[in-house]
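Source file: work18.cif. Holds: mmCIF, C-alpha atoms.
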data_input
loop_
_atom_site.label_atom_id
_atom_site.label_comp_id
_atom_site.auth_asym_id
_atom_site.auth_seq_id
_atom_site.Cartn_x
_atom_site.Cartn_y
_atom_site.Cartn_z
CA MET A 1 -31.08 -58.38 56.95
CA ASP A 2 -29.32 -56.78 59.90
CA TRP A 3 -26.88 -53.89 59.54
CA THR A 4 -23.54 -53.83 61.39
CA ASP A 5 -23.08 -51.24 64.12
CA VAL A 6 -19.35 -50.42 64.29
CA GLN A 7 -18.56 -48.71 67.60
CA ILE A 8 -15.29 -46.78 67.88
CA THR A 9 -14.42 -45.66 71.41
CA VAL A 10 -11.97 -42.74 71.63
CA PRO A 11 -10.97 -40.15 74.26
CA VAL A 12 -13.39 -37.22 74.35
CA LYS A 13 -10.58 -34.79 73.52
CA GLU A 14 -10.05 -36.62 70.19
CA ILE A 15 -13.72 -36.83 69.20
CA ASP A 16 -13.70 -34.11 66.52
CA THR A 17 -10.82 -35.60 64.56
CA ALA A 18 -12.09 -39.16 65.00
CA ALA A 19 -15.58 -38.12 63.89
CA ALA A 20 -14.19 -36.48 60.76
CA ILE A 21 -12.43 -39.74 59.91
CA ALA A 22 -15.55 -41.80 60.59
CA GLN A 23 -17.63 -39.56 58.30
CA MET A 24 -15.44 -40.61 55.39
CA VAL A 25 -16.52 -44.24 55.79
CA VAL A 26 -20.25 -43.87 55.21
CA PRO A 27 -22.20 -41.21 53.27
CA TYR A 28 -25.27 -41.09 55.52
CA GLY A 29 -23.76 -39.84 58.75
CA ILE A 30 -22.65 -41.07 62.14
CA TYR A 31 -24.07 -41.22 65.66
CA ILE A 32 -21.93 -40.05 68.60
CA GLU A 33 -22.36 -40.84 72.29
CA ASP A 34 -20.59 -38.12 74.26
CA TYR A 35 -21.58 -37.61 77.89
CA SER A 36 -18.61 -35.45 78.92
CA ASP A 37 -20.74 -32.37 79.69
CA LEU A 38 -23.81 -34.16 81.01
CA THR A 39 -23.68 -32.71 84.52
CA GLU A 40 -23.24 -29.18 83.13
CA GLU A 41 -25.93 -29.40 80.45
CA ALA A 42 -28.56 -31.56 82.17
CA PRO A 43 -29.62 -28.93 84.78
CA LYS A 44 -30.47 -26.55 81.92
CA ILE A 45 -33.31 -28.83 80.81
CA ALA A 46 -34.26 -30.80 83.94
CA HIS A 47 -33.53 -31.18 87.63
CA ILE A 48 -30.43 -33.35 87.97
CA ASP A 49 -32.31 -35.76 90.25
CA LEU A 50 -34.69 -36.53 87.39
CA ILE A 51 -31.96 -37.64 85.00
CA ASP A 52 -31.87 -41.40 84.57
CA GLU A 53 -29.23 -43.03 86.80
CA GLU A 54 -28.03 -45.20 83.92
CA LEU A 55 -27.35 -42.06 81.91
CA LEU A 56 -25.48 -40.44 84.80
CA ALA A 57 -23.31 -43.55 85.08
CA LYS A 58 -22.05 -43.20 81.49
CA ASN A 59 -18.30 -42.81 80.93
CA ARG A 60 -17.41 -39.09 80.73
CA ASP A 61 -13.80 -39.54 79.56
CA ASN A 62 -14.50 -41.48 76.35
CA ALA A 63 -16.96 -41.04 73.52
CA ILE A 64 -18.39 -43.71 71.23
CA ILE A 65 -18.80 -43.15 67.50
CA HIS A 66 -21.33 -45.41 65.79
CA ILE A 67 -21.24 -46.03 62.07
CA TYR A 68 -23.70 -48.35 60.38
CA ILE A 69 -22.67 -50.67 57.57
CA SER A 70 -25.38 -52.00 55.26
CA PRO A 71 -25.76 -55.75 54.63
CA GLU A 72 -24.35 -55.25 51.12
CA GLN A 73 -21.09 -53.74 52.42
CA SER A 74 -18.12 -55.25 54.24
CA PRO A 75 -17.59 -54.05 57.82
CA THR A 76 -14.06 -55.50 57.65
CA GLU A 77 -13.05 -52.95 55.01
CA ALA A 78 -14.57 -50.07 57.01
CA ILE A 79 -12.77 -51.16 60.18
CA ALA A 80 -9.45 -51.52 58.36
CA TYR A 81 -9.76 -47.98 56.96
CA LEU A 82 -10.69 -46.56 60.37
CA ALA A 83 -7.80 -48.34 62.06
CA ALA A 84 -5.28 -47.05 59.52
CA ARG A 85 -6.43 -43.42 59.78
CA LEU A 86 -6.75 -43.44 63.58
CA ASP A 87 -3.28 -44.98 63.91
CA GLN A 88 -1.92 -42.31 61.58
CA GLU A 89 -3.17 -39.40 63.75
CA PRO A 90 -2.43 -41.17 66.27
CA ILE A 91 -5.63 -41.58 68.31
CA PRO A 92 -6.08 -44.36 70.89
CA TYR A 93 -9.22 -46.38 70.18
CA THR A 94 -11.09 -49.64 70.54
CA VAL A 95 -13.52 -51.12 68.01
CA ASP A 96 -16.56 -53.30 68.68
CA THR A 97 -19.32 -54.50 66.38
CA SER A 98 -22.88 -55.69 66.82
CA ALA A 99 -25.85 -56.48 64.64
CA VAL A 100 -28.72 -54.00 64.60
CA LYS A 101 -32.00 -53.77 62.77
CA GLU A 102 -32.29 -50.78 60.43
CA GLU A 103 -35.47 -49.47 62.05
CA GLU A 104 -33.74 -49.34 65.45
CA TRP A 105 -30.76 -47.14 64.51
CA ALA A 106 -32.61 -45.05 61.96
CA THR A 107 -34.57 -43.30 64.73
CA ALA A 108 -32.12 -43.51 67.66
CA TRP A 109 -31.02 -39.87 67.33
CA LYS A 110 -34.52 -38.40 67.72
CA ASP A 111 -34.22 -38.26 71.51
CA TYR A 112 -31.27 -35.86 71.17
CA TYR A 113 -32.45 -33.62 68.34
CA HIS A 114 -34.29 -30.38 69.20
CA PRO A 115 -34.80 -26.92 67.61
CA THR A 116 -31.36 -25.42 66.96
CA LYS A 117 -30.29 -21.96 65.83
CA ILE A 118 -27.55 -22.40 63.24
CA GLY A 119 -26.97 -18.78 62.26
CA LYS A 120 -28.15 -15.29 63.09
CA ARG A 121 -31.53 -15.99 61.47
CA LEU A 122 -31.70 -19.68 60.58
CA VAL A 123 -33.35 -22.18 62.91
CA VAL A 124 -33.60 -25.94 62.29
CA CYS A 125 -36.65 -27.58 63.83
CA PRO A 126 -37.30 -31.34 63.65
CA THR A 127 -40.68 -32.36 62.32
CA TRP A 128 -41.78 -33.78 65.66
CA GLU A 129 -41.06 -30.56 67.61
CA GLU A 130 -42.84 -27.19 67.87
CA TYR A 131 -41.09 -23.82 67.61
CA ASN A 132 -42.36 -20.23 67.70
CA PRO A 133 -39.94 -18.12 65.62
CA GLY A 134 -38.66 -14.81 66.87
CA GLU A 135 -38.55 -11.65 64.80
CA GLY A 136 -36.61 -12.19 61.58
CA GLU A 137 -35.96 -15.89 62.18
CA LEU A 138 -36.26 -18.33 59.30
CA VAL A 139 -37.37 -21.80 60.37
CA MET A 140 -36.78 -24.96 58.39
CA ARG A 141 -38.54 -28.20 59.22
CA LEU A 142 -36.16 -31.10 58.92
CA ASP A 143 -36.34 -34.86 59.21
CA PRO A 144 -32.77 -36.07 58.61
CA GLY A 145 -33.88 -39.70 58.43
CA MET A 146 -30.80 -41.71 57.51
CA ALA A 147 -29.00 -38.76 55.87
CA PHE A 148 -26.24 -36.79 57.54
CA GLY A 149 -26.94 -33.18 58.50
CA THR A 150 -29.01 -32.09 61.48
CA GLY A 151 -27.54 -28.63 62.03
CA THR A 152 -26.08 -29.46 65.43
CA HIS A 153 -22.44 -29.76 64.36
CA HIS A 154 -20.03 -26.82 64.21
CA THR A 155 -19.33 -27.50 60.54
CA THR A 156 -22.96 -26.95 59.54
CA ARG A 157 -23.28 -23.86 61.71
CA LEU A 158 -20.12 -22.33 60.27
CA CYS A 159 -21.34 -23.02 56.75
CA ALA A 160 -24.85 -21.72 57.44
CA GLY A 161 -23.43 -18.52 58.91
CA MET A 162 -21.43 -17.88 55.74
CA LEU A 163 -24.46 -18.65 53.57
CA GLU A 164 -26.44 -15.98 55.43
CA GLU A 165 -23.91 -13.47 54.08
CA ALA A 166 -23.27 -15.06 50.68
CA VAL A 167 -26.80 -15.78 49.42
CA THR A 168 -28.23 -13.03 47.23
CA PRO A 169 -31.82 -12.77 45.98
CA GLY A 170 -32.38 -14.94 42.94
CA CYS A 171 -29.03 -16.76 43.05
CA ARG A 172 -28.48 -20.42 42.13
CA LEU A 173 -26.76 -22.80 44.58
CA LEU A 174 -24.93 -26.06 43.92
CA ASP A 175 -24.88 -28.05 47.17
CA MET A 176 -22.08 -30.64 46.97
CA GLY A 177 -22.72 -33.49 49.40
CA THR A 178 -26.23 -32.31 50.22
CA GLY A 179 -26.94 -34.93 52.91
CA SER A 180 -30.28 -34.01 54.49
CA GLY A 181 -30.55 -30.97 52.20
CA ILE A 182 -30.12 -28.56 55.09
CA LEU A 183 -27.86 -26.07 53.30
CA SER A 184 -29.97 -26.05 50.14
CA ILE A 185 -33.10 -25.37 52.17
CA ALA A 186 -31.26 -22.66 54.13
CA ALA A 187 -30.22 -20.94 50.89
CA LEU A 188 -33.77 -21.09 49.51
CA LEU A 189 -35.17 -19.61 52.71
CA LEU A 190 -32.56 -16.84 52.46
CA GLY A 191 -33.73 -15.89 48.98
CA ALA A 192 -31.99 -18.18 46.50
CA LYS A 193 -34.03 -18.88 43.39
CA GLU A 194 -32.89 -22.47 42.93
CA ALA A 195 -30.73 -25.11 44.60
CA VAL A 196 -29.32 -28.34 43.22
CA GLY A 197 -28.26 -30.88 45.86
CA VAL A 198 -25.83 -33.60 44.77
CA ASP A 199 -24.90 -36.64 46.84
CA ILE A 200 -23.38 -40.04 46.13
CA ASP A 201 -25.88 -41.74 48.45
CA PRO A 202 -29.42 -42.39 47.12
CA VAL A 203 -30.83 -42.36 50.67
CA ALA A 204 -29.51 -38.83 51.17
CA VAL A 205 -30.87 -37.72 47.80
CA ARG A 206 -34.33 -39.02 48.62
CA THR A 207 -34.27 -37.51 52.11
CA ALA A 208 -33.10 -34.12 50.82
CA GLY A 209 -35.96 -34.02 48.31
CA GLU A 210 -38.47 -34.90 51.00
CA ASN A 211 -37.10 -32.25 53.36
CA ALA A 212 -37.20 -29.59 50.65
CA ALA A 213 -40.84 -30.44 49.89
CA LEU A 214 -41.61 -30.33 53.60
CA ASN A 215 -40.44 -26.71 53.57
CA GLY A 216 -42.49 -25.83 50.50
CA PHE A 217 -39.75 -26.14 47.88
CA GLY A 218 -40.80 -28.38 45.01
CA PRO A 219 -38.93 -29.53 41.89
CA ASP A 220 -39.01 -26.02 40.45
CA ARG A 221 -36.84 -24.77 43.36
CA PHE A 222 -34.86 -27.80 44.55
CA THR A 223 -33.39 -30.59 42.43
CA PRO A 224 -31.84 -33.58 44.24
CA VAL A 225 -29.27 -35.46 42.15
CA CYS A 226 -27.53 -38.76 42.87
CA GLY A 227 -24.07 -38.79 41.35
CA GLU A 228 -20.34 -38.25 41.67
CA LEU A 229 -19.04 -34.84 40.65
CA VAL A 230 -15.32 -35.46 40.19
CA HIS A 231 -15.28 -38.17 37.52
CA ASP A 232 -18.80 -38.18 36.05
CA ARG A 233 -18.32 -35.99 32.98
CA HIS A 234 -21.94 -36.45 31.88
CA LEU A 235 -23.22 -35.12 35.19
CA ALA A 236 -20.78 -32.21 35.07
CA GLU A 237 -22.01 -31.25 31.60
CA LYS A 238 -25.62 -31.60 32.70
CA LEU A 239 -25.16 -29.28 35.68
CA GLY A 240 -23.29 -26.69 33.66
CA ASN A 241 -21.59 -23.51 34.84
CA GLY A 242 -24.51 -21.32 35.80
CA PHE A 243 -24.20 -21.32 39.58
CA ASP A 244 -23.62 -18.22 41.66
CA LEU A 245 -22.77 -20.17 44.78
CA ILE A 246 -21.32 -23.56 45.77
CA ALA A 247 -21.68 -25.07 49.25
CA ALA A 248 -19.51 -28.04 50.21
CA ASN A 249 -19.84 -29.13 53.83
CA ILE A 250 -17.99 -32.43 53.64
CA VAL A 251 -14.40 -33.22 54.78
CA ALA A 252 -11.02 -31.86 53.73
CA ASP A 253 -10.04 -34.75 51.44
CA VAL A 254 -13.28 -34.56 49.48
CA ILE A 255 -13.18 -30.77 49.21
CA ILE A 256 -9.63 -30.94 47.85
CA ALA A 257 -10.78 -33.53 45.29
CA LEU A 258 -13.79 -31.40 44.34
CA ALA A 259 -11.91 -28.09 44.11
CA PRO A 260 -11.02 -28.50 40.40
CA THR A 261 -14.74 -28.75 39.62
CA PHE A 262 -15.55 -25.35 41.17
CA PRO A 263 -14.53 -23.25 38.13
CA ARG A 264 -16.46 -25.69 35.96
CA HIS A 265 -19.75 -24.89 37.72
CA LEU A 266 -19.36 -21.34 39.08
CA LYS A 267 -20.11 -18.18 37.16
CA PRO A 268 -17.26 -15.64 37.04
CA GLY A 269 -17.37 -13.86 40.37
CA GLY A 270 -19.20 -16.78 41.98
CA THR A 271 -18.61 -17.84 45.57
CA ALA A 272 -17.67 -21.17 47.17
CA VAL A 273 -18.36 -21.90 50.83
CA CYS A 274 -16.52 -24.95 52.20
CA SER A 275 -16.81 -26.49 55.67
CA GLY A 276 -16.21 -29.76 57.49
CA ILE A 277 -12.47 -29.00 57.63
CA ILE A 278 -10.46 -29.89 60.71
CA LEU A 279 -7.91 -27.20 61.54
CA PRO A 280 -4.81 -29.34 60.79
CA ARG A 281 -6.06 -29.59 57.17
CA LYS A 282 -6.95 -25.90 56.75
CA GLU A 283 -3.81 -24.88 54.85
CA GLU A 284 -4.18 -27.80 52.42
CA VAL A 285 -7.73 -26.78 51.58
CA LEU A 286 -6.76 -23.11 51.24
CA ALA A 287 -4.01 -24.10 48.82
CA ALA A 288 -6.36 -26.32 46.80
CA LEU A 289 -8.90 -23.50 46.43
CA ALA A 290 -6.25 -20.93 45.56
CA ALA A 291 -4.88 -23.28 42.89
CA GLN A 292 -8.26 -23.08 41.15
CA GLY A 293 -8.22 -19.29 41.06
CA LEU A 294 -10.39 -18.60 44.08
CA THR A 295 -9.61 -15.56 46.20
CA ILE A 296 -10.14 -16.35 49.87
CA THR A 297 -12.40 -13.75 51.46
CA GLN A 298 -13.31 -15.31 54.81
CA VAL A 299 -12.08 -18.01 57.19
CA GLU A 300 -14.01 -18.86 60.35
CA GLU A 301 -12.87 -21.29 63.08
CA LYS A 302 -14.78 -22.99 65.86
CA ASP A 303 -13.60 -25.68 68.29
CA GLY A 304 -11.12 -27.33 65.98
CA TRP A 305 -13.09 -26.86 62.75
CA CYS A 306 -13.05 -24.21 60.07
CA ALA A 307 -15.09 -22.95 57.13
CA ILE A 308 -13.65 -21.12 54.15
CA ARG A 309 -15.27 -18.71 51.70
CA GLY A 310 -13.71 -17.81 48.39
CA THR A 311 -14.64 -15.94 45.22
CA LEU A 312 -13.76 -16.99 41.68
#
Please lay out the structure from this file as C-alpha cells.
Amino acid sequence: MDWTDVQITVPVKEIDTAAAIAQMVVPYGIYIEDYSDLTEEAPKIAHIDLIDEELLAKNRDNAIIHIYISPEQSPTEAIAYLAARLDQEPIPYTVDTSAVKEEEWATAWKDYYHPTKIGKRLVVCPTWEEYNPGEGELVMRLDPGMAFGTGTHHTTRLCAGMLEEAVTPGCRLLDMGTGSGILSIAALLLGAKEAVGVDIDPVAVRTAGENAALNGFGPDRFTPVCGELVHDRHLAEKLGNGFDLIAANIVADVIIALAPTFPRHLKPGGTAVCSGIILPRKEEVLAALAAQGLTITQVEEKDGWCAIRGTL
C-alpha cells in the first residue's frame, strides 16, 4: 500500500521551528527541501552552469517539509496536530498531500547526503561514499535508511561535540531516541564500552542495530531496544541504573517528559547530554533537568538550537 507524503510549505526563516514540530509527528525523521542558499553553495561543488535548470528555478523563499505517514496511520490526525502547533507559533504554512510508494521516499535523501564532520574528530560517511580520514579522525559508516539521524543537522552536531568531551574510556551510554544509532556509534568510537539505544519505532531500532554492526559493534557492544522509557516500568527495571552517560537528541517536549527517568538510569556523578532543543524552549528544559538534581555544566547554541550538558 502507498504511504502519504504530507508536504508543509513554510517561509525559510521559520524552517527550524517548523521542522522541530514536524519531527514530533513521526519517529523516523523528515525530509526538507530548502534551496535558499543554492546559488551560494552550488559553486563550491560544481560550475553554476552545470546545475540543473529545474533545480535553479526552485523557490528560494519557502521550504517544504515532507513527512511520511504509513498506510496504518491517519494522515488527518497528523495534519491536525501540525496545523494546531504551527498556528500556535504562529507560522504561515500550506499543506498538501500525495501518495508515494515506500521505496521511492526511502532513498530520496541519498542524493543530498555526503561525508560530514560532526565534531572535532567524528566524521559520518554514508555507505555509498568513500572518505580518507585525516589524522585523529574517527569515521563511522552510516546508512540511515528510514530512521532519523544523518549527522547533518545542528542538533546532532551539537550533541556529538559534547559527547567528544563527555565520553570516557569504558563508560556505558544510554541513547534515548537512538534513531539511526549515530550517537551510540559515536560514543563507541570515542571509547565507550557499551551503548544501549532505545527508540519507540521498530524501524529505527532495526536500522540502528544494522549501522552498529556495519561499524564493527556487535551485540556485546551495542544493544538496540524498542520501547517507551517514561511509562514502561518493566523496561526501566530491565535497563537499570548503571549508565555513566545519557544522550537524548530529540525535542524539548520529549526531553522534559524523559527528565524524571534520568536519575533512574544514571550512576551518581553521571552525565546527561540533551539536544534537539529550539532556543525558545531552552529555559523549560534547563528547569526540567535542574528539578531532577542535575547540575548544568555546559550549554551550546547554534542557529536557533541548543544542547545542554548536566551532571547528576
_Between atom CA of Asp199 of chain A and atom CA of Leu229 of chain A - distance in Å to one decimal_ =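 Pair atom CA of Leu229 of chain A / atom CA of Asp199 of chain A returns 8.7 Å.
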Name the residues that the PyMOL selection byres ((chain A and resi 302) around 10) picks from the file above, as an mmCIF file with C-alpha atoms, in the coordinates of the input, using the file's chain letters and numbers.
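Output below, filename selection27.cif:
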data_model
loop_
_atom_site.group_PDB
_atom_site.id
_atom_site.type_symbol
_atom_site.label_atom_id
_atom_site.label_comp_id
_atom_site.auth_asym_id
_atom_site.auth_seq_id
_atom_site.Cartn_x
_atom_site.Cartn_y
_atom_site.Cartn_z
ATOM 1 C CA HIS A 154 -20.030 -26.820 64.210
ATOM 2 C CA THR A 155 -19.330 -27.500 60.540
ATOM 3 C CA ARG A 157 -23.280 -23.860 61.710
ATOM 4 C CA LEU A 158 -20.120 -22.330 60.270
ATOM 5 C CA ILE A 278 -10.460 -29.890 60.710
ATOM 6 C CA LEU A 279 -7.910 -27.200 61.540
ATOM 7 C CA GLU A 300 -14.010 -18.860 60.350
ATOM 8 C CA GLU A 301 -12.870 -21.290 63.080
ATOM 9 C CA ASP A 303 -13.600 -25.680 68.290
ATOM 10 C CA GLY A 304 -11.120 -27.330 65.980
ATOM 11 C CA TRP A 305 -13.090 -26.860 62.750
ATOM 12 C CA CYS A 306 -13.050 -24.210 60.070
ATOM 13 C CA ALA A 307 -15.090 -22.950 57.130
#
*If you count all atoms listed in the file, which residues fall within 8 Å of Thr97 of chain A, apart from same-chain ones fewer than 4 positions away, as a list in words?*
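Listed by chain and then number, they are Thr4, Asp5, Val6 and Gln7 of chain A.
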*Residue IDs satisfying the PyMOL selection byres ((chain A and resi 123) around 9), as a PyMOL selection string*: chain A and resi 115-122+124-125+133+137-141+151
*Which is closer to Gly242 of chain A than all the others in A:Thr178, A:Thr295, A:Gln73, A:Thr271, using all atoms listed in the file?*
A:Thr271
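Residue nearest His265 of chain A, chosen from A:Cys159, A:Ala99, A:Ala247, A:Leu174 and counting all atoms listed in the file: A:Leu174.
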*Would you mind telling me which residue in A:Ala20, A:Val273, A:Ile255, A:Leu86 lies nearest to Glu164 of chain A when using all atoms listed in the file?*
A:Val273
Run through the PyMOL selection byres ((chain A and resi 195) around 10) on the given coordinates and return the selected residues as a PDB file with C-alpha atoms, in the frame of the given file.
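Ended up saving to result.pdb:
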ATOM      1  CA  CYS A 171     -29.030 -16.760  43.050  1.00  0.00           C
ATOM      2  CA  ARG A 172     -28.480 -20.420  42.130  1.00  0.00           C
ATOM      3  CA  LEU A 173     -26.760 -22.800  44.580  1.00  0.00           C
ATOM      4  CA  LEU A 174     -24.930 -26.060  43.920  1.00  0.00           C
ATOM      5  CA  ASP A 175     -24.880 -28.050  47.170  1.00  0.00           C
ATOM      6  CA  GLY A 181     -30.550 -30.970  52.200  1.00  0.00           C
ATOM      7  CA  LEU A 183     -27.860 -26.070  53.300  1.00  0.00           C
ATOM      8  CA  SER A 184     -29.970 -26.050  50.140  1.00  0.00           C
ATOM      9  CA  ILE A 185     -33.100 -25.370  52.170  1.00  0.00           C
ATOM     10  CA  ALA A 186     -31.260 -22.660  54.130  1.00  0.00           C
ATOM     11  CA  ALA A 187     -30.220 -20.940  50.890  1.00  0.00           C
ATOM     12  CA  LEU A 188     -33.770 -21.090  49.510  1.00  0.00           C
ATOM     13  CA  ALA A 192     -31.990 -18.180  46.500  1.00  0.00           C
ATOM     14  CA  LYS A 193     -34.030 -18.880  43.390  1.00  0.00           C
ATOM     15  CA  GLU A 194     -32.890 -22.470  42.930  1.00  0.00           C
ATOM     16  CA  VAL A 196     -29.320 -28.340  43.220  1.00  0.00           C
ATOM     17  CA  GLY A 197     -28.260 -30.880  45.860  1.00  0.00           C
ATOM     18  CA  VAL A 198     -25.830 -33.600  44.770  1.00  0.00           C
ATOM     19  CA  ALA A 212     -37.200 -29.590  50.650  1.00  0.00           C
ATOM     20  CA  PHE A 217     -39.750 -26.140  47.880  1.00  0.00           C
ATOM     21  CA  PRO A 219     -38.930 -29.530  41.890  1.00  0.00           C
ATOM     22  CA  ASP A 220     -39.010 -26.020  40.450  1.00  0.00           C
ATOM     23  CA  ARG A 221     -36.840 -24.770  43.360  1.00  0.00           C
ATOM     24  CA  PHE A 222     -34.860 -27.800  44.550  1.00  0.00           C
ATOM     25  CA  THR A 223     -33.390 -30.590  42.430  1.00  0.00           C
ATOM     26  CA  PRO A 224     -31.840 -33.580  44.240  1.00  0.00           C
ATOM     27  CA  PHE A 243     -24.200 -21.320  39.580  1.00  0.00           C
ATOM     28  CA  LEU A 245     -22.770 -20.170  44.780  1.00  0.00           C
ATOM     29  CA  ILE A 246     -21.320 -23.560  45.770  1.00  0.00           C
TER      30      ILE A 246
END
*For Val225 of chain A, which residue among A:Asp253, A:Asp87, A:Asp16, A:Asp201 is the nearest when counting all atoms listed in the file?*
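Checking each of A:Asp253, A:Asp87, A:Asp16, A:Asp201 against Val225 of chain A, counting all atoms listed in the file, the winner is A:Asp201.
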*Kindly give the distance, in Å, that separates atom CA of Trp128 of chain A and atom CA of Glu210 of chain A, rounded to a single decimal.*
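Taking atom CA of Trp128 of chain A as the start and atom CA of Glu210 of chain A as the end point, the length is 15.1 Å.
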*Have a look at A:Ala80, A:Ala272, A:Ala166, A:Ala213 and name the one nearest to Leu294 of chain A; count only C-alpha atoms.*
A:Ala272
*Tell me which of A:Val100, A:Ala259, A:Leu214, A:Val25 sits closest to Pro71 of chain A, counting only C-alpha atoms.*
A:Val100
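Here atom CA of Tyr81 of chain A is placed at a distance of 28.1 Å from atom CA of Arg233 of chain A.
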*In the coordinates of the file, take the point (-29.9, -36.6, 51.5) and a cut-off of 7 Å; then, counting only C-alpha atoms, name each qualifying protein, DNA or RNA residue as a PyMOL selection string.*
chain A and resi 147+178-181+199+203-208
*Name the residues, using the chain letters and numbers of the file, that sit within 12 Å of (-10.1, -46.7, 71.9) when counting all atoms listed in the file, and give them as a ChimeraX atom specification.*
/A:7-12,14-15,18,61-65,82-83,86-87,90-96
*Can you tell me, as a ChimeraX atom specification, what residues are no more than 12 Å from Val285 of chain A when counting all atoms listed in the file, ignoring any on the same chain fewer than 4 positions away?*
/A:248,250-260,273-281,289-292,294,296,299,306-310
Selection near Leu312 of chain A, 6 Å with only C-alpha atoms, sequence-local residues under 2 positions removed, as a PDB file with C-alpha atoms, in the frame of the given file:
ATOM      1  CA  PRO A 268     -17.260 -15.640  37.040  1.00  0.00           C
ATOM      2  CA  GLY A 269     -17.370 -13.860  40.370  1.00  0.00           C
ATOM      3  CA  GLY A 270     -19.200 -16.780  41.980  1.00  0.00           C
ATOM      4  CA  LEU A 294     -10.390 -18.600  44.080  1.00  0.00           C
TER       5      LEU A 294
END
